[in-house]
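Have a look at coords19.cif; it's mmCIF, C-alpha atoms:
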```cif
data_query
#
loop_
_atom_site.label_atom_id
_atom_site.label_comp_id
_atom_site.auth_asym_id
_atom_site.auth_seq_id
_atom_site.Cartn_x
_atom_site.Cartn_y
_atom_site.Cartn_z
CA MET A 256 0.00 0.00 0.00
CA GLN A 257 2.99 2.35 0.31
CA GLN A 258 2.94 2.84 -3.48
CA TYR A 259 -0.64 4.07 -3.24
CA LEU A 260 0.21 6.46 -0.43
CA ASP A 261 3.16 7.87 -2.34
CA ALA A 262 1.06 8.27 -5.49
CA ILE A 263 -1.82 9.98 -3.67
CA LYS A 264 0.51 12.40 -1.90
CA ALA A 265 2.16 13.17 -5.26
CA ASP A 266 -1.24 13.92 -6.87
CA ALA A 267 -0.81 11.09 -9.36
CA THR A 268 -3.33 10.83 -12.19
CA GLY A 269 -6.13 8.31 -12.15
CA THR A 270 -4.38 6.33 -14.88
CA GLU A 271 -1.18 6.19 -12.85
CA ILE A 272 -3.08 5.01 -9.79
CA ALA A 273 -5.00 2.41 -11.81
CA ASN A 274 -1.71 0.98 -13.10
CA LEU A 275 -0.31 0.35 -9.62
CA PRO A 276 -0.42 -3.34 -8.60
CA LEU A 277 -3.06 -4.37 -6.09
CA PRO A 278 -1.57 -5.91 -2.94
CA ASP A 279 -2.39 -9.48 -1.98
CA HIS A 280 -2.85 -8.37 1.63
CA TYR A 281 -3.56 -5.14 3.46
CA ARG A 282 -3.65 -3.87 7.03
CA ALA A 283 -7.02 -3.83 8.78
CA ALA A 284 -8.61 -3.69 12.22
CA HIS A 285 -10.66 -6.83 12.78
CA VAL A 286 -12.21 -9.16 15.33
CA LEU A 287 -12.01 -12.96 15.26
CA ARG A 288 -14.82 -15.51 15.18
CA ASP A 289 -12.84 -17.81 17.51
CA GLU A 290 -12.85 -15.11 20.19
CA MET A 291 -16.60 -14.47 20.33
CA GLY A 292 -16.77 -15.97 23.81
CA MET A 293 -13.81 -14.11 25.27
CA PHE A 294 -15.98 -11.79 27.38
CA GLU A 295 -18.38 -14.43 28.69
CA GLY A 296 -19.52 -13.52 32.20
CA VAL A 297 -17.96 -10.04 31.99
CA ASP A 298 -20.13 -6.97 32.58
CA SER A 299 -20.61 -4.86 29.43
CA TRP A 300 -18.78 -1.88 30.91
CA ASP A 301 -15.72 -4.00 31.65
CA LYS A 302 -15.45 -5.52 28.17
CA ASP A 303 -12.27 -4.09 26.67
CA PRO A 304 -12.07 -3.49 22.88
CA ARG A 305 -8.27 -3.39 23.17
CA LYS A 306 -8.37 -7.15 23.83
CA SER A 307 -10.68 -8.08 20.95
CA ILE A 308 -9.59 -5.73 18.13
CA HIS A 309 -6.57 -6.90 16.17
CA VAL A 310 -4.67 -4.82 13.62
CA GLY A 311 -2.84 -6.90 11.05
CA ASP A 312 -2.74 -8.14 7.47
CA VAL A 313 -5.78 -9.71 5.82
CA PRO A 314 -6.18 -11.09 2.26
CA THR A 315 -7.48 -8.70 -0.42
CA PRO A 316 -10.99 -9.80 -1.46
CA GLU A 317 -12.14 -10.14 -5.05
CA LEU A 318 -14.05 -7.18 -6.52
CA ALA A 319 -17.70 -7.54 -7.60
CA PRO A 320 -18.90 -5.77 -10.78
CA ASP A 321 -20.77 -3.03 -8.86
CA GLU A 322 -17.94 -2.37 -6.39
CA VAL A 323 -14.79 -0.29 -6.11
CA TYR A 324 -11.51 -0.62 -4.26
CA VAL A 325 -10.76 2.47 -2.18
CA ALA A 326 -7.40 3.25 -0.61
CA LEU A 327 -8.60 4.51 2.75
CA MET A 328 -6.72 7.49 4.08
CA ALA A 329 -8.81 7.89 7.24
CA SER A 330 -11.83 6.53 9.08
CA SER A 331 -13.57 7.03 12.43
CA ILE A 332 -14.99 5.25 15.46
CA ASN A 333 -18.74 4.76 15.79
CA PHE A 334 -20.80 3.02 18.45
CA ASN A 335 -21.23 0.05 16.11
CA THR A 336 -17.44 -0.37 16.23
CA VAL A 337 -17.78 -0.79 19.99
CA TRP A 338 -20.71 -3.19 19.67
CA THR A 339 -18.78 -5.40 17.26
CA SER A 340 -15.68 -5.36 19.47
CA ILE A 341 -17.53 -6.46 22.62
CA PHE A 342 -19.80 -8.89 20.72
CA GLU A 343 -22.98 -7.12 21.88
CA PRO A 344 -25.90 -7.19 21.59
CA LEU A 345 -25.07 -10.06 19.20
CA PRO A 346 -21.78 -11.17 17.65
CA THR A 347 -21.69 -9.67 14.17
CA PHE A 348 -20.52 -12.95 12.62
CA GLY A 349 -24.19 -13.93 12.44
CA PHE A 350 -24.77 -10.98 10.09
CA LEU A 351 -21.90 -12.15 7.90
CA GLU A 352 -23.27 -15.69 7.75
CA ARG A 353 -26.65 -14.41 6.53
CA LEU A 354 -25.01 -12.24 3.89
CA GLY A 355 -22.93 -15.22 2.84
CA ARG A 356 -26.06 -17.22 2.04
CA GLU A 357 -27.49 -14.59 -0.33
CA SER A 358 -25.18 -14.81 -3.32
CA ILE A 359 -21.78 -15.83 -4.65
CA TRP A 360 -20.48 -12.34 -3.93
CA GLY A 361 -22.03 -12.40 -0.48
CA GLN A 362 -20.04 -15.54 0.35
CA ARG A 363 -16.85 -13.45 0.44
CA HIS A 364 -18.06 -11.77 3.63
CA ASN A 365 -18.51 -14.92 5.70
CA LEU A 366 -14.97 -15.25 7.05
CA PRO A 367 -13.27 -16.15 10.35
CA TYR A 368 -12.53 -12.43 10.82
CA HIS A 369 -14.63 -9.29 10.56
CA ILE A 370 -12.99 -6.06 9.32
CA ILE A 371 -14.78 -3.27 11.16
CA GLY A 372 -15.48 0.40 10.52
CA SER A 373 -18.42 2.26 8.95
CA ASP A 374 -16.83 5.55 7.84
CA GLY A 375 -14.02 6.39 5.46
CA SER A 376 -12.35 8.88 3.16
CA GLY A 377 -9.87 7.96 0.46
CA VAL A 378 -9.12 7.49 -3.22
CA VAL A 379 -10.70 5.09 -5.71
CA VAL A 380 -8.01 2.77 -7.10
CA ARG A 381 -10.06 0.23 -9.14
CA VAL A 382 -13.67 0.00 -10.31
CA GLY A 383 -15.80 -3.01 -11.18
CA SER A 384 -17.09 -3.61 -14.69
CA ALA A 385 -20.57 -2.25 -13.87
CA VAL A 386 -19.38 1.00 -12.25
CA ARG A 387 -20.00 4.07 -14.41
CA ASN A 388 -19.94 7.20 -12.20
CA TRP A 389 -16.57 6.75 -10.53
CA LYS A 390 -13.02 6.17 -11.74
CA PRO A 391 -9.53 5.63 -10.29
CA GLY A 392 -8.15 8.79 -8.76
CA ASP A 393 -11.51 10.10 -7.49
CA ARG A 394 -11.31 11.43 -3.95
CA VAL A 395 -14.32 10.18 -2.04
CA VAL A 396 -16.04 9.69 1.28
CA LEU A 397 -18.05 6.55 1.96
CA HIS A 398 -21.44 6.26 3.59
CA CYS A 399 -22.46 2.99 5.20
CA ASN A 400 -25.82 2.13 3.57
CA TYR A 401 -25.14 -1.24 1.93
CA VAL A 402 -28.18 -2.07 -0.16
CA ASP A 403 -29.26 -4.57 -2.81
CA ASP A 404 -30.64 -2.54 -5.72
CA GLN A 405 -32.20 -5.67 -7.25
CA ASP A 406 -34.70 -5.90 -4.39
CA PRO A 407 -37.93 -3.95 -5.13
CA SER A 408 -38.34 -3.17 -1.43
CA SER A 409 -35.28 -0.92 -1.68
CA HIS A 410 -36.50 1.42 -4.37
CA ASN A 411 -38.92 3.72 -2.55
CA ASP A 412 -36.52 4.24 0.34
CA SER A 413 -33.46 2.01 0.44
CA MET A 414 -33.35 2.12 4.25
CA LYS A 415 -36.56 0.08 4.16
CA GLY A 416 -35.01 -2.56 1.93
CA ALA A 417 -35.60 -6.11 3.11
CA ASN A 418 -31.87 -6.79 3.23
CA GLN A 419 -30.49 -3.32 3.90
CA ARG A 420 -27.26 -3.48 5.89
CA ILE A 421 -24.68 -1.23 7.51
CA TRP A 422 -21.26 -1.55 5.84
CA GLY A 423 -18.53 -2.62 8.24
CA PHE A 424 -21.07 -3.72 10.86
CA GLU A 425 -23.41 -6.08 9.03
CA THR A 426 -20.91 -6.60 6.20
CA ASN A 427 -17.22 -7.40 6.12
CA PHE A 428 -14.37 -5.32 4.65
CA GLY A 429 -15.12 -2.15 6.63
CA GLY A 430 -13.44 1.21 6.83
CA LEU A 431 -10.85 0.82 9.61
CA ALA A 432 -8.25 -0.41 7.15
CA ASP A 433 -5.79 0.72 4.48
CA LEU A 434 -8.04 -0.65 1.71
CA THR A 435 -11.69 -1.53 1.36
CA ILE A 436 -14.26 -2.72 -1.12
CA ALA A 437 -17.53 -0.80 -1.24
CA LYS A 438 -20.52 -0.60 -3.53
CA ALA A 439 -20.36 2.23 -6.03
CA ASN A 440 -23.54 3.69 -4.54
CA GLN A 441 -21.74 4.22 -1.23
CA LEU A 442 -19.42 6.84 -2.71
CA MET A 443 -19.75 10.61 -2.44
CA PRO A 444 -17.32 13.38 -3.43
CA LYS A 445 -14.86 14.27 -0.69
CA PRO A 446 -15.33 17.86 0.56
CA THR A 447 -12.39 19.66 -1.00
CA HIS A 448 -11.57 21.95 1.93
CA LEU A 449 -11.28 19.19 4.54
CA SER A 450 -8.35 16.97 5.46
CA TRP A 451 -8.73 13.22 5.14
CA GLU A 452 -9.51 12.81 8.83
CA GLU A 453 -11.95 15.74 8.91
CA ALA A 454 -13.80 14.30 5.91
CA ALA A 455 -13.84 10.75 7.29
CA VAL A 456 -15.79 11.38 10.50
CA ASN A 457 -18.99 12.77 9.02
CA ALA A 458 -20.95 10.35 6.87
CA LEU A 459 -22.50 7.98 9.40
CA CYS A 460 -23.50 10.41 12.15
CA ALA A 461 -24.16 13.46 9.96
CA SER A 462 -26.37 11.52 7.53
CA THR A 463 -28.22 9.90 10.44
CA SER A 464 -28.95 13.33 11.92
CA TYR A 465 -30.07 14.65 8.53
CA ARG A 466 -32.61 11.87 8.06
CA MET A 467 -33.86 12.21 11.64
CA LEU A 468 -34.48 15.95 11.41
CA VAL A 469 -34.65 17.20 7.82
CA SER A 470 -35.92 14.30 5.74
CA ASN A 471 -39.60 13.62 5.13
CA ASN A 472 -38.80 10.06 6.25
CA ALA A 473 -38.64 11.23 9.88
CA ALA A 474 -39.29 14.58 11.62
CA SER A 475 -39.59 16.91 8.58
CA MET A 476 -38.21 19.88 10.51
CA LYS A 477 -39.34 23.31 9.33
CA MET A 478 -38.35 26.91 10.01
CA GLY A 479 -39.35 28.05 13.49
CA ASP A 480 -39.35 24.60 15.07
CA ASN A 481 -38.02 24.23 18.60
CA VAL A 482 -35.87 21.11 18.75
CA LEU A 483 -34.71 19.47 21.97
CA ILE A 484 -31.36 17.75 21.34
CA TRP A 485 -29.97 15.26 23.84
CA GLY A 486 -26.16 15.10 23.89
CA ALA A 487 -26.00 18.21 21.74
CA THR A 488 -22.20 18.14 21.41
CA GLY A 489 -21.97 14.37 20.83
CA GLY A 490 -21.49 12.37 17.64
CA LEU A 491 -25.12 12.78 16.57
CA GLY A 492 -26.07 15.88 18.53
CA GLY A 493 -23.20 17.99 17.19
CA TYR A 494 -24.58 17.66 13.68
CA ALA A 495 -28.21 17.97 14.81
CA THR A 496 -27.49 21.30 16.49
CA GLN A 497 -25.97 22.66 13.29
CA LEU A 498 -28.86 21.39 11.16
CA VAL A 499 -31.43 23.08 13.37
CA LEU A 500 -29.52 26.37 13.29
CA ASN A 501 -29.11 26.17 9.51
CA GLY A 502 -32.77 25.27 9.05
CA GLY A 503 -34.12 28.30 10.89
CA GLY A 504 -35.10 26.44 14.03
CA THR A 505 -34.20 26.90 17.68
CA PRO A 506 -32.07 24.15 19.22
CA ILE A 507 -32.39 23.43 22.92
CA GLY A 508 -29.16 21.61 23.66
CA VAL A 509 -28.84 19.22 26.60
CA VAL A 510 -25.26 18.62 27.75
CA SER A 511 -23.46 17.51 30.90
CA SER A 512 -20.90 20.21 31.69
CA PRO A 513 -20.32 23.99 31.55
CA GLU A 514 -17.54 23.38 29.01
CA LYS A 515 -19.96 21.64 26.63
CA ALA A 516 -22.44 24.47 27.19
CA GLU A 517 -19.72 26.93 26.18
CA LEU A 518 -19.08 24.98 22.97
CA LEU A 519 -22.80 25.06 22.16
CA ASN A 520 -22.86 28.81 22.68
CA GLU A 521 -19.95 29.21 20.26
CA MET A 522 -21.87 27.09 17.73
CA GLY A 523 -24.76 29.55 18.03
CA CYS A 524 -27.03 27.56 20.35
CA GLU A 525 -28.26 29.93 23.06
CA ALA A 526 -30.76 27.67 24.84
CA VAL A 527 -28.65 25.20 26.83
CA ILE A 528 -29.44 22.87 29.71
CA ASP A 529 -26.53 21.51 31.74
CA ARG A 530 -28.25 18.36 32.87
CA ARG A 531 -25.59 17.47 35.42
CA GLY A 532 -25.17 21.01 36.72
CA GLU A 533 -28.94 21.36 37.21
CA ASP A 534 -29.08 17.85 38.70
CA PHE A 535 -31.84 16.37 36.58
CA GLN A 536 -32.49 12.81 37.78
CA PHE A 537 -35.23 11.21 35.71
CA TRP A 538 -35.11 7.87 37.51
CA LYS A 539 -35.79 7.48 41.25
CA ASN A 540 -34.30 4.01 41.11
CA GLU A 541 -33.73 1.22 38.59
CA HIS A 542 -37.46 0.60 38.16
CA GLU A 543 -39.25 3.91 38.78
CA GLN A 544 -39.09 7.23 36.91
CA ASP A 545 -39.70 10.63 38.50
CA GLU A 546 -42.53 12.55 36.85
CA GLY A 547 -41.72 15.54 39.04
CA GLU A 548 -38.35 15.75 37.30
CA TRP A 549 -40.07 15.53 33.92
CA ARG A 550 -42.17 18.54 34.90
CA ARG A 551 -39.15 20.48 36.15
CA PHE A 552 -37.39 19.69 32.89
CA GLY A 553 -40.37 20.83 30.80
CA LYS A 554 -40.58 24.09 32.75
CA ARG A 555 -36.85 24.68 32.19
CA ILE A 556 -37.36 24.31 28.42
CA ARG A 557 -40.27 26.78 28.47
CA ASP A 558 -38.20 29.22 30.51
CA LEU A 559 -35.55 29.12 27.78
CA VAL A 560 -37.64 29.29 24.59
CA GLY A 561 -41.18 30.03 25.75
CA GLU A 562 -42.70 26.84 24.32
CA ASP A 563 -42.52 23.07 24.42
CA PRO A 564 -40.31 21.48 21.74
CA ASP A 565 -41.89 20.59 18.39
CA ILE A 566 -39.28 17.86 17.90
CA VAL A 567 -37.24 15.84 20.37
CA PHE A 568 -33.99 14.43 18.93
CA GLU A 569 -33.80 11.23 20.98
CA HIS A 570 -30.96 8.73 20.94
CA PRO A 571 -29.93 7.88 24.56
CA GLY A 572 -32.93 5.56 24.92
CA ARG A 573 -33.87 4.17 28.31
CA GLN A 574 -32.38 6.95 30.39
CA THR A 575 -34.22 9.79 28.67
CA MET A 576 -37.22 8.47 26.72
CA GLY A 577 -39.72 9.08 29.53
CA ALA A 578 -38.67 12.70 29.77
CA SER A 579 -38.63 13.04 25.97
CA VAL A 580 -42.23 11.85 25.57
CA PHE A 581 -43.38 14.14 28.38
CA ALA A 582 -41.50 17.22 27.15
CA ALA A 583 -42.62 17.18 23.50
CA LYS A 584 -45.43 19.60 22.67
CA ARG A 585 -48.99 18.50 21.95
CA GLY A 586 -48.82 16.94 18.48
CA GLY A 587 -45.02 16.95 18.60
CA VAL A 588 -42.60 14.33 17.33
CA ILE A 589 -40.03 12.28 19.23
CA VAL A 590 -37.62 10.94 16.60
CA THR A 591 -35.49 8.10 17.91
CA CYS A 592 -32.34 6.43 16.67
CA ALA A 593 -30.17 4.06 18.71
CA ALA A 594 -30.33 3.62 22.46
CA THR A 595 -26.91 4.11 23.97
CA SER A 596 -28.21 3.98 27.56
CA GLY A 597 -30.40 0.91 27.01
CA TYR A 598 -32.83 -0.55 24.46
CA MET A 599 -35.72 -1.39 26.80
CA ILE A 600 -37.43 1.97 27.12
CA GLU A 601 -40.31 3.08 29.36
CA TYR A 602 -42.59 6.10 29.15
CA ASP A 603 -46.07 7.10 30.32
CA ASN A 604 -48.27 6.37 27.33
CA ARG A 605 -50.96 8.81 28.56
CA HIS A 606 -48.67 11.70 27.70
CA LEU A 607 -48.28 10.26 24.19
CA TRP A 608 -51.79 9.29 23.16
CA MET A 609 -53.81 11.97 24.97
CA LYS A 610 -51.67 14.76 23.50
CA LEU A 611 -51.40 13.21 20.04
CA LYS A 612 -47.62 12.97 20.04
CA GLN A 613 -45.70 10.65 17.74
CA ILE A 614 -42.65 8.46 18.19
CA VAL A 615 -40.89 8.10 14.84
CA SER A 616 -38.06 5.64 14.31
CA SER A 617 -35.07 6.44 12.12
CA HIS A 618 -32.00 4.50 11.04
CA PHE A 619 -29.01 5.91 9.15
CA ALA A 620 -29.96 7.41 5.74
CA ASN A 621 -30.58 6.52 2.12
CA TYR A 622 -28.17 7.56 -0.64
CA GLY A 623 -30.07 10.75 -1.45
CA GLU A 624 -30.14 11.88 2.18
CA ALA A 625 -26.45 11.08 2.69
CA TRP A 626 -25.60 12.92 -0.54
CA GLN A 627 -27.51 16.04 0.52
CA MET A 628 -25.81 16.09 3.91
CA ASN A 629 -22.41 15.68 2.26
CA ARG A 630 -23.29 18.61 -0.01
CA LEU A 631 -23.96 20.80 3.03
CA ILE A 632 -20.58 19.81 4.47
CA ASP A 633 -18.83 20.53 1.17
CA ARG A 634 -20.45 23.99 1.07
CA GLY A 635 -19.25 24.73 4.60
CA ALA A 636 -22.78 25.00 5.99
CA ILE A 637 -22.10 22.08 8.37
CA GLN A 638 -18.74 21.57 10.05
CA PRO A 639 -17.02 18.32 11.02
CA ILE A 640 -17.10 17.56 14.72
CA LEU A 641 -13.68 15.90 14.89
CA SER A 642 -12.27 16.12 18.41
CA ALA A 643 -9.22 13.80 18.33
CA VAL A 644 -7.27 11.59 15.93
CA HIS A 645 -5.71 8.15 16.52
CA PRO A 646 -3.48 5.96 14.36
CA LEU A 647 -4.96 2.71 13.04
CA THR A 648 -2.76 0.78 15.47
CA ASP A 649 -4.61 2.53 18.30
CA VAL A 650 -8.15 1.59 17.26
CA GLY A 651 -8.72 -0.51 20.38
CA GLU A 652 -7.95 2.42 22.66
CA ALA A 653 -10.13 4.76 20.60
CA ALA A 654 -13.02 2.27 20.75
CA LEU A 655 -12.59 2.01 24.52
CA GLN A 656 -12.90 5.79 24.84
CA VAL A 657 -16.18 5.72 22.91
CA HIS A 658 -17.37 2.71 24.94
CA HIS A 659 -16.77 4.61 28.19
CA ASN A 660 -17.97 7.98 26.85
CA LYS A 661 -14.56 9.55 27.37
CA HIS A 662 -14.86 11.57 24.18
CA GLU A 663 -16.97 14.26 22.60
CA GLY A 664 -17.79 14.75 18.94
CA LYS A 665 -16.11 12.15 16.75
CA LEU A 666 -12.78 10.33 17.00
CA GLY A 667 -10.90 10.11 13.71
CA VAL A 668 -8.48 7.36 12.72
CA LEU A 669 -5.56 7.70 10.30
CA CYS A 670 -5.43 4.62 8.07
CA LEU A 671 -3.13 4.84 5.05
CA SER A 672 -2.47 8.54 5.67
CA ASP A 673 0.79 9.05 7.57
CA ALA A 674 0.06 12.49 9.05
CA GLU A 675 -2.81 14.78 9.96
CA GLY A 676 -3.79 17.72 7.80
CA GLN A 677 -3.30 16.04 4.42
CA GLY A 678 -5.85 15.85 1.59
CA ILE A 679 -6.96 19.50 1.45
CA THR A 680 -7.30 20.53 -2.20
CA ASP A 681 -9.10 23.89 -1.86
CA GLN A 682 -7.29 26.01 0.70
CA GLU A 683 -9.06 29.16 -0.50
CA LYS A 684 -12.47 27.67 0.32
CA ARG A 685 -11.16 26.55 3.70
CA GLU A 686 -10.02 30.06 4.52
CA LYS A 687 -13.35 31.50 3.39
CA ILE A 688 -15.32 29.10 5.62
CA GLY A 689 -12.96 29.75 8.52
CA GLU A 690 -10.37 27.61 10.26
CA ASP A 691 -11.92 28.35 13.65
CA LYS A 692 -15.29 26.98 12.52
CA ILE A 693 -13.85 23.85 10.93
CA THR A 694 -11.69 23.01 13.96
CA MET A 695 -14.12 24.12 16.67
CA PHE A 696 -14.47 20.71 18.32
CA ARG A 697 -10.73 20.11 18.13
CA ARG A 698 -10.02 23.41 19.86
CA HIS A 699 -12.41 22.57 22.67
CA ALA A 700 -11.38 18.91 22.97
CA ASP A 701 -9.23 19.16 26.11
CA SER A 702 -11.84 21.12 28.06
CA LEU A 703 -14.64 18.74 27.09
CA LEU A 704 -13.06 15.64 28.63
#
```

File written out as structure tokens:
Amino acid sequence: MQQYLDAIKADATGTEIANLPLPDHYRAAHVLRDEMGMFEGVDSWDKDPRKSIHVGDVPTPELAPDEVYVALMASSINFNTVWTSIFEPLPTFGFLERLGRESIWGQRHNLPYHIIGSDGSGVVVRVGSAVRNWKPGDRVVLHCNYVDDQDPSSHNDSMKGANQRIWGFETNFGGLADLTIAKANQLMPKPTHLSWEEAAVNALCASTSYRMLVSNNAASMKMGDNVLIWGATGGLGGYATQLVLNGGGTPIGVVSSPEKAELLNEMGCEAVIDRRGEDFQFWKNEHEQDEGEWRRFGKRIRDLVGEDPDIVFEHPGRQTMGASVFAAKRGGVIVTCAATSGYMIEYDNRHLWMKLKQIVSSHFANYGEAWQMNRLIDRGAIQPILSAVHPLTDVGEAALQVHHNKHEGKLGVLCLSDAEGQGITDQEKREKIGEDKITMFRRHADSLL
């Protein structure tokens, strides 16, 4: 892969890159099928990704006609990286077995190892015979919607496809590697003003936030909406806050420290609740929630913006869902994705049905939604929320930080790239957008931890 790195840094032509020999092996972060039981009897919190994630050479897979090889310059850590590494809630090898039964090309994925990672930025180095919109030398970012375009259930909204999957989580050959294979319809143009690592952290979380808030497939946010955002400086919330501000709404950001509140203020979010500082405790104990705290929380929101929220951007799950359902306005929408504090949620259904509220589920984004979000990033309307960068050899440590919530924003990973700050091709646009805006989360990183 060193030849590819040298060629990319030298701005080699697409023809020159296409003529470089493909390696038989490449470096990748992966987990092993034989180690699925390594954490048996261990509490989830104590499961250590540093023990399960291996970084080493793996064989280069064959390319399908609708796929491309991408030399990955950078990637990032997502919660699904953690889930794969601790084999929860299910070992992901079951996903690979099901994919392996679907087709000859699917069989490639069912291996004794699983290459992880659901984000990436890099350069196309080969294209399959059916690929028409991309060529070697193209600088791209990858989104993680892995979809079968031969299935009719995928064509109204590919996220509703019967066999829709998340690349690098429910498929093999993910993004935490020096090379990957991806479907051509996972590619998007790399924002020209961003470095490889800045470009690599956006697609999964930013596209998820876009679908949750902006798309007609979820909350359909409009100008003037008040939007309550849990974890408003986190991997999802950091993008959600920007989308609300850009869309003419009013974000109400919930965070857990004065430092995070300060970051929100710099982003332009004036209505901020420091949940820890104001000591909101929504659960009296493991089994009983505190409606009095819901009411105090709702009053605090009204004190800040004068109204109940039209939309609640909900992703913590068990810890906050009761408060989210209560706080939403009459006829409001609670849009939910993931459940980082627990999947088994509880809320008082009277506050839902008697006030005609809706709970809307959302999961990643289709190609159109991901493309539109990437366009906003390329225009400088939305900024990356990169807070720290790790080398590929340090993926286990980075995953542990995400597992234990010892991070804010997104953690980037350098793959083939040998230094930070590379890959910027439009410095003039970067200067026009503003270095301080682009690096806002990085500048605040130390104070946020």

Contacts of Thr488 (chain A) at 9 Å (all atoms listed in the file; same-chain gap of 5+ positions) as a compact mmCIF listing (two decimals) with C-alpha atoms, in the frame of the given file:
```txt
# COMPACT_ATOMS: atom_id res chain seq x y z
CA GLY A 493 -23.20 17.99 17.19
CA TYR A 494 -24.58 17.66 13.68
CA ALA A 495 -28.21 17.97 14.81
CA THR A 496 -27.49 21.30 16.49
CA GLY A 508 -29.16 21.61 23.66
CA VAL A 509 -28.84 19.22 26.60
CA VAL A 510 -25.26 18.62 27.75
CA LYS A 515 -19.96 21.64 26.63
CA ALA A 516 -22.44 24.47 27.19
CA LEU A 518 -19.08 24.98 22.97
CA LEU A 519 -22.80 25.06 22.16
CA ILE A 640 -17.10 17.56 14.72
CA GLU A 663 -16.97 14.26 22.60
CA GLY A 664 -17.79 14.75 18.94
CA PHE A 696 -14.47 20.71 18.32
```

As an exercise, work out the distance from CA of Lys539 (chain A) to CA of Lys610 (chain A) in Å and give it to one decimal place. 24.9 Å

Residues within 12 Å of Phe348 (chain A), only C-alpha atoms, excluding chain neighbours under 4 positions, as a PDB file with C-alpha atoms, in the coordinates of the input:
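selection-v7.pdb written:
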```pdb
ATOM      1  CA  HIS A 285     -10.660  -6.830  12.780  1.00  0.00           C
ATOM      2  CA  VAL A 286     -12.210  -9.160  15.330  1.00  0.00           C
ATOM      3  CA  LEU A 287     -12.010 -12.960  15.260  1.00  0.00           C
ATOM      4  CA  ARG A 288     -14.820 -15.510  15.180  1.00  0.00           C
ATOM      5  CA  ASP A 289     -12.840 -17.810  17.510  1.00  0.00           C
ATOM      6  CA  GLU A 290     -12.850 -15.110  20.190  1.00  0.00           C
ATOM      7  CA  MET A 291     -16.600 -14.470  20.330  1.00  0.00           C
ATOM      8  CA  THR A 339     -18.780  -5.400  17.260  1.00  0.00           C
ATOM      9  CA  SER A 340     -15.680  -5.360  19.470  1.00  0.00           C
ATOM     10  CA  PHE A 342     -19.800  -8.890  20.720  1.00  0.00           C
ATOM     11  CA  GLU A 343     -22.980  -7.120  21.880  1.00  0.00           C
ATOM     12  CA  PRO A 344     -25.900  -7.190  21.590  1.00  0.00           C
ATOM     13  CA  GLU A 352     -23.270 -15.690   7.750  1.00  0.00           C
ATOM     14  CA  ARG A 353     -26.650 -14.410   6.530  1.00  0.00           C
ATOM     15  CA  LEU A 354     -25.010 -12.240   3.890  1.00  0.00           C
ATOM     16  CA  GLY A 355     -22.930 -15.220   2.840  1.00  0.00           C
ATOM     17  CA  HIS A 364     -18.060 -11.770   3.630  1.00  0.00           C
ATOM     18  CA  ASN A 365     -18.510 -14.920   5.700  1.00  0.00           C
ATOM     19  CA  LEU A 366     -14.970 -15.250   7.050  1.00  0.00           C
ATOM     20  CA  PRO A 367     -13.270 -16.150  10.350  1.00  0.00           C
ATOM     21  CA  TYR A 368     -12.530 -12.430  10.820  1.00  0.00           C
ATOM     22  CA  HIS A 369     -14.630  -9.290  10.560  1.00  0.00           C
ATOM     23  CA  ILE A 370     -12.990  -6.060   9.320  1.00  0.00           C
ATOM     24  CA  ILE A 371     -14.780  -3.270  11.160  1.00  0.00           C
ATOM     25  CA  GLY A 423     -18.530  -2.620   8.240  1.00  0.00           C
ATOM     26  CA  PHE A 424     -21.070  -3.720  10.860  1.00  0.00           C
ATOM     27  CA  GLU A 425     -23.410  -6.080   9.030  1.00  0.00           C
ATOM     28  CA  THR A 426     -20.910  -6.600   6.200  1.00  0.00           C
ATOM     29  CA  ASN A 427     -17.220  -7.400   6.120  1.00  0.00           C
TER      30      ASN A 427
END
```

Selected residue, from A:Asp534, A:Leu647, A:Val482, A:Ala284, that lies nearest to Gln497 (chain A) when counting all atoms listed in the file: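 Selected residue with least distance to Gln497 (chain A): A:Val482.
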
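When only C-alpha atoms are used to compute distances to Asp321 (chain A), the closest of the residues A:Thr595, A:Ser299, A:Gln441, A:Ser512 turns out to be A:Gln441.
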
Quick one: everything within 7 Å of Asn400 (chain A), counting all atoms listed in the file, minus sequence neighbours fewer than 6 positions away in the same chain. Send it as a count of residues only. 5

Given only C-alpha atoms as the basis, pick out the residue of A:Ala262, A:Val337, A:Val378, A:Ile693 nearest to Ala654 (chain A). A:Val337

Find the residues around Gly416 (chain A) up to 8 Å (only C-alpha atoms counted), leave out those fewer than 6 positions away in its own chain, and share them as a PDB file with C-alpha atoms, keeping the file's coordinate frame.
```pdb
ATOM      1  CA  VAL A 402     -28.180  -2.070  -0.160  1.00  0.00           C
ATOM      2  CA  ASP A 403     -29.260  -4.570  -2.810  1.00  0.00           C
ATOM      3  CA  ASP A 406     -34.700  -5.900  -4.390  1.00  0.00           C
ATOM      4  CA  PRO A 407     -37.930  -3.950  -5.130  1.00  0.00           C
ATOM      5  CA  SER A 408     -38.340  -3.170  -1.430  1.00  0.00           C
ATOM      6  CA  SER A 409     -35.280  -0.920  -1.680  1.00  0.00           C
ATOM      7  CA  HIS A 410     -36.500   1.420  -4.370  1.00  0.00           C
TER       8      HIS A 410
END
```
